[in-house]
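*Asks:* A single structure is presented below for examination.
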Amino acid sequence: MARWGMAIDLAKCSACQACVVACQSENNIPCVPPEEARSGRILSWISLLPELEGEYPRLSMRLVPLPCLHCDNPPCILVCPVKATGINAEGTVHQIYPRCIGCRYCTTGCPYTRRMFNWYKPEFPGDLALALNPDVSVRPKGVVEKCTLCHHRLMQAREEAKAAKRPLAEGDYLPACAEVCPSGAITFGDLDDPASAVAQLARNPRAFRLLEDLGTKPKVFHLAEGEWSGGRGNQT
Amino acid sequence: MADWSPMPPPLAARWTIGGGFVLCFLVGAVVFSAAGRNHAASQPIAFNHAKHLANGMSCTDCHTGVETQARATLPALETCMNCHATALTASAEERKVRDLAAAGKELAWVRLTQVPAHVFFSHRRHVVLAKIACAICHGPMEKATAPPARPFREFTMDACTQCHENNRGGTECNDCHR
């Protein structure tokens, strides 16, 4: 059984946000009016976390791509009163929209703020309505949604592999963000396969996990040099 | 109000109220059960599955997506016209196909079996990879002389999970929910 994980190399990331756009269109994420977006009601399953460094005038900003970290020990599923969310055998944290009652405990429970609530009826203005992905449902108003690691792509890849009578190979299944990344900063694969690129990156001394001391055991690793690896990254 | 009245209402009134409730219940039961069963779909053509299958055709000849994609697809007029461009029988239903083609219209089939939008169902996965016969879900179409009025079975989560549990299909939420 695979354990899907991701490694994001911050030295390679140019913060172009191609992953954000790819995710938005792959997963039918609705548009939110600008004024509502400013009040934090924007939906984006992967977004860039701004991290300010230094003080003016030596101020710099680092942008950290942040999808759902698919923790091995996810706090969000512990607080769900209706079992609308859970973690499957492959370690993917899922959300079952028809079961969600919209209490938003999980959005509060997630220390990475990677859960979004649908405050409005989903809107896809203009041609966007024609570009909906038929493999992903459009979530109704009043439910929480989150990154699924493009689970529909896994289903598709499995089906293709099974039809071709071969095991699922590395690279058969990639989430939209990992596929689109122009600088190759996002590596995706099976963490339990020691030969996979992502497992090797996870063992890299530059690798760290956000808020590791909470014990959430995320399966998304970030890689950076210096104080970010191990030291600072663990504390922020 | 009734709880606070010092005296119970007279017997006749009680019977009227009680009878009213019973009547409402009965009428409701009849109306809603009829509404549930009687959405018999009227298809543009009284298609005879039995006849086509008896003449050596298979399901995938018209439902072309079954073996290759998630959706089985309902046949386009073009598929019918492959055989029926010239009259094969004296059937009035068959003439409708050519009339539609002459008018440049498309067949407006009414889709009967449909899973909810949040469920991912792949025909290919079930038919080709898991080798499940069409009849398990769609019934004995080789006996259907008229278009089915309603789905052969109800596609509830219960029905799906039962089969998945018995046949070791996946029962993870995300295997079907999307």
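Letters A, B, ... go to the chains of the structure tokens in the order shown; residues in each chain start at 1; ligands are counted from 1 in the same order.
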Can you write out as a tab-separated table which residues of chain B fall within 9 Å of chain A, alongside each residue's closest atom pair and its distance in Å to one decimal, counting only C-alpha atoms and ordering rows by chain and ascending residue number?

*Replies:*
```
residue	atom	partner	partner_atom	distance
B:Ala117	CA	A:Ser137	CA	5.9
B:His118	CA	A:Ser137	CA	5.2
B:Val119	CA	A:Ser137	CA	7.9
B:Phe120	CA	A:Asp135	CA	7.1
B:Arg124	CA	A:Glu159	CA	8.3
B:Arg125	CA	A:Glu159	CA	6.5
B:Val128	CA	A:Ala163	CA	8.0
B:Leu129	CA	A:Ala163	CA	6.6
B:Glu172	CA	A:Asn88	CA	6.6
B:Cys173	CA	A:Ile96	CA	7.3
B:Asn174	CA	A:His94	CA	6.8
B:Asp175	CA	A:Met155	CA	7.5
B:His177	CA	A:Ile96	CA	6.7
B:Arg178	CA	A:Val136	CA	5.7
```

*Asks:* Only N, CA and C atoms, please: the residues just picked out, written as a PDB file, in the first residue's frame.

*Replies:*
```pdb
ATOM      1  N   ALA B 117     -24.042  13.678  -8.340  1.00  0.00           N
ATOM      2  CA  ALA B 117     -22.874  14.404  -8.858  1.00  0.00           C
ATOM      3  C   ALA B 117     -21.629  14.164  -8.010  1.00  0.00           C
ATOM      4  N   HIS B 118     -21.817  13.817  -6.737  1.00  0.00           N
ATOM      5  CA  HIS B 118     -20.631  13.655  -5.885  1.00  0.00           C
ATOM      6  C   HIS B 118     -20.100  12.223  -5.899  1.00  0.00           C
ATOM      7  N   VAL B 119     -20.650  11.399  -6.795  1.00  0.00           N
ATOM      8  CA  VAL B 119     -20.189  10.011  -6.888  1.00  0.00           C
ATOM      9  C   VAL B 119     -19.469   9.806  -8.207  1.00  0.00           C
ATOM     10  N   PHE B 120     -18.329   9.150  -8.118  1.00  0.00           N
ATOM     11  CA  PHE B 120     -17.592   8.847  -9.334  1.00  0.00           C
ATOM     12  C   PHE B 120     -17.860   7.396  -9.710  1.00  0.00           C
ATOM     13  N   ARG B 124     -15.999   1.526 -17.321  1.00  0.00           N
ATOM     14  CA  ARG B 124     -14.849   0.716 -17.704  1.00  0.00           C
ATOM     15  C   ARG B 124     -14.324  -0.100 -16.516  1.00  0.00           C
ATOM     16  N   ARG B 125     -14.229   0.571 -15.372  1.00  0.00           N
ATOM     17  CA  ARG B 125     -13.696  -0.095 -14.187  1.00  0.00           C
ATOM     18  C   ARG B 125     -14.566  -1.284 -13.792  1.00  0.00           C
ATOM     19  N   VAL B 128     -15.034  -3.778 -17.636  1.00  0.00           N
ATOM     20  CA  VAL B 128     -13.835  -4.373 -18.230  1.00  0.00           C
ATOM     21  C   VAL B 128     -12.907  -4.932 -17.159  1.00  0.00           C
ATOM     22  N   LEU B 129     -12.623  -4.131 -16.144  1.00  0.00           N
ATOM     23  CA  LEU B 129     -11.628  -4.548 -15.154  1.00  0.00           C
ATOM     24  C   LEU B 129     -12.214  -5.512 -14.124  1.00  0.00           C
ATOM     25  N   GLU B 172     -13.237   2.362   0.697  1.00  0.00           N
ATOM     26  CA  GLU B 172     -12.780   3.663   1.186  1.00  0.00           C
ATOM     27  C   GLU B 172     -13.770   4.709   0.662  1.00  0.00           C
ATOM     28  N   CYS B 173     -13.998   5.753   1.449  1.00  0.00           N
ATOM     29  CA  CYS B 173     -14.935   6.801   1.020  1.00  0.00           C
ATOM     30  C   CYS B 173     -14.559   7.337  -0.357  1.00  0.00           C
ATOM     31  N   ASN B 174     -13.237   7.596  -0.494  1.00  0.00           N
ATOM     32  CA  ASN B 174     -12.777   8.257  -1.704  1.00  0.00           C
ATOM     33  C   ASN B 174     -12.775   7.360  -2.931  1.00  0.00           C
ATOM     34  N   ASP B 175     -13.030   6.071  -2.751  1.00  0.00           N
ATOM     35  CA  ASP B 175     -13.088   5.194  -3.921  1.00  0.00           C
ATOM     36  C   ASP B 175     -14.265   5.568  -4.816  1.00  0.00           C
ATOM     37  N   HIS B 177     -16.649   8.528  -3.675  1.00  0.00           N
ATOM     38  CA  HIS B 177     -16.985   9.944  -3.473  1.00  0.00           C
ATOM     39  C   HIS B 177     -15.929  10.826  -4.131  1.00  0.00           C
ATOM     40  N   ARG B 178     -16.388  11.897  -4.703  1.00  0.00           N
ATOM     41  CA  ARG B 178     -15.429  12.788  -5.351  1.00  0.00           C
ATOM     42  C   ARG B 178     -15.798  14.242  -5.059  1.00  0.00           C
TER      43      ARG B 178
END
```

*Asks:* What's the 8 Å shell around region 35-44 of chain A, counting only C-alpha atoms, without same-chain residues fewer than 3 positions away, as number ranges by chain?

*Replies:* A: 20, 23-24, 29-32, 47, 116-119

*Asks:* Could you write out that same residue set with C-alpha atoms as a CSV table (one decimal), in the first residue's frame?

*Replies:*
```csv
chain,number,residue,atom,x,y,z
A,20,VAL,CA,-2.4,27.5,-7.4
A,23,CYS,CA,-5.4,23.4,-8.6
A,24,GLN,CA,-8.1,25.9,-9.0
A,29,ILE,CA,-12.8,25.7,-7.1
A,30,PRO,CA,-15.3,28.5,-7.3
A,31,CYS,CA,-14.5,32.2,-7.6
A,32,VAL,CA,-15.2,34.4,-4.7
A,47,SER,CA,-1.8,28.8,-1.7
A,116,MET,CA,-12.0,26.1,3.4
A,117,PHE,CA,-15.6,26.7,3.9
A,118,ASN,CA,-18.1,27.3,1.1
A,119,TRP,CA,-19.7,30.5,2.2
```

*Asks:* One number please: CA of Cys100 (chain A) to CA of Leu149 (chain A), in Å, one decimal.

*Replies:*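 We find that CA of Cys100 (chain A) and CA of Leu149 (chain A) lie 19.0 Å from each other.
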
*Asks:* Can you pull out every residue within 9 Å of Ala85 (chain B), counting only C-alpha atoms, but drop anything in the same chain fewer than 2 positions away, and send it as a PyMOL selection string?

*Replies:* chain B and resi 80-83+87-88+97-98+101

*Asks:* Within 7 Å of region 139-156 of chain B, counting only C-alpha atoms, which residues show up once you throw out same-chain ones fewer than 5 positions away? Write them as a list of chain:residue names, please.

*Replies:*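 My reading of the contact set: B:Ala40, B:Ala41, B:Ala46, B:Phe47, B:Asn48, B:His49, B:Ala50, B:Leu53, B:Leu112, B:Thr113, B:Val115.
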
*Asks:* When DSSP is applied to the backbone of this structure, which of region 141-200 of chain A are assigned helix (DSSP H, G or I)? Write them out as a compact mmCIF listing (two decimals) with N, CA and C atoms, in the first residue's frame.

*Replies:*
```
# COMPACT_ATOMS: atom_id res chain seq x y z
N HIS A 151 -7.36 13.08 -5.98
CA HIS A 151 -7.66 11.65 -5.85
C HIS A 151 -8.24 11.06 -7.12
N HIS A 152 -8.99 11.88 -7.87
CA HIS A 152 -9.56 11.37 -9.12
C HIS A 152 -8.47 10.97 -10.10
N ARG A 153 -7.32 11.63 -10.00
CA ARG A 153 -6.20 11.26 -10.88
C ARG A 153 -5.61 9.92 -10.48
N LEU A 154 -5.62 9.64 -9.18
CA LEU A 154 -5.16 8.33 -8.72
C LEU A 154 -6.07 7.23 -9.24
N MET A 155 -7.39 7.49 -9.16
CA MET A 155 -8.36 6.51 -9.64
C MET A 155 -8.12 6.24 -11.13
N GLN A 156 -7.90 7.32 -11.86
CA GLN A 156 -7.69 7.23 -13.30
C GLN A 156 -6.41 6.45 -13.60
N ALA A 157 -5.33 6.80 -12.87
CA ALA A 157 -4.04 6.15 -13.10
C ALA A 157 -4.12 4.66 -12.78
N ARG A 158 -4.83 4.33 -11.70
CA ARG A 158 -4.99 2.93 -11.31
C ARG A 158 -5.71 2.16 -12.40
N GLU A 159 -6.78 2.82 -12.92
CA GLU A 159 -7.59 2.16 -13.95
C GLU A 159 -6.74 1.90 -15.19
N GLU A 160 -5.96 2.91 -15.59
CA GLU A 160 -5.09 2.77 -16.77
C GLU A 160 -4.08 1.64 -16.56
N ALA A 161 -3.47 1.64 -15.37
CA ALA A 161 -2.45 0.63 -15.08
C ALA A 161 -3.06 -0.77 -15.07
N LYS A 162 -4.26 -0.87 -14.51
CA LYS A 162 -4.91 -2.18 -14.42
C LYS A 162 -5.31 -2.67 -15.81
N ALA A 163 -5.76 -1.73 -16.65
CA ALA A 163 -6.15 -2.10 -18.01
C ALA A 163 -4.93 -2.56 -18.81
N ALA A 176 -2.33 17.81 -9.86
CA ALA A 176 -2.19 18.88 -10.85
C ALA A 176 -1.04 19.83 -10.51
N CYS A 177 -0.87 20.14 -9.22
CA CYS A 177 0.17 21.09 -8.82
C CYS A 177 1.56 20.56 -9.14
N ALA A 178 1.76 19.25 -8.86
CA ALA A 178 3.07 18.66 -9.10
C ALA A 178 3.34 18.56 -10.59
N GLU A 179 2.29 18.30 -11.36
CA GLU A 179 2.47 18.15 -12.80
C GLU A 179 2.82 19.48 -13.46
N VAL A 180 2.20 20.54 -12.96
CA VAL A 180 2.32 21.83 -13.66
C VAL A 180 3.58 22.61 -13.26
N ALA A 197 11.64 9.16 -5.63
CA ALA A 197 12.31 10.46 -5.51
C ALA A 197 11.83 11.21 -4.27
N VAL A 198 10.54 11.09 -3.98
CA VAL A 198 9.99 11.85 -2.86
C VAL A 198 10.50 11.29 -1.52
N ALA A 199 10.65 9.97 -1.44
CA ALA A 199 11.16 9.38 -0.20
C ALA A 199 12.60 9.79 0.03
N GLN A 200 13.36 9.89 -1.06
CA GLN A 200 14.76 10.32 -0.91
C GLN A 200 14.84 11.77 -0.48
```

*Asks:* Skipping near chain neighbours, those fewer than 2 positions away, what residues fall within 12 Å of Gly184 (chain A) using only C-alpha atoms, listed as a ChimeraX atom specification?

*Replies:* /A:7-16,18-19,177-182,186-188

*Asks:* From the DSSP assignment of the backbone, select every residue of region 161-211 of chain A that is strand (DSSP E or B), and format the answer as a list in words.

*Replies:*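 Put together, the selection reads Ile186, Thr187, Phe188, Gly189, Asp190, Ala207 and Phe208 of chain A.
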
*Asks:* Keeping only C-alpha atoms, write the selected residues as a compact mmCIF listing (two decimals), in the first residue's frame.

*Replies:*
```txt
# COMPACT_ATOMS: atom_id res chain seq x y z
CA ILE A 186 7.15 19.78 -6.35
CA THR A 187 7.99 16.08 -6.20
CA PHE A 188 5.21 13.63 -5.58
CA GLY A 189 5.15 9.92 -4.95
CA ASP A 190 5.11 7.03 -2.53
CA ALA A 207 13.82 18.60 4.54
CA PHE A 208 11.56 19.82 7.30
```

*Asks:* Just the number, please: distance in Å from CA of Cys134 (chain B) to CA of Lys51 (chain B), one decimal.

*Replies:* 17.3 Å

*Asks:* In terms of the shortest atom-to-atom distance over only C-alpha atoms, which of A:Arg3, A:Gln17, A:Glu225, A:Phe124 is closest to Arg206 (chain A)?

*Replies:* A:Glu225

*Asks:* Find, counting only C-alpha atoms, the residue in A:Pro33, A:Ile46, A:Arg166, A:Val64 that gets nearest to Lys121 (chain A).

*Replies:*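 Among the listed residues, A:Pro33 lies closest to Lys121 (chain A).
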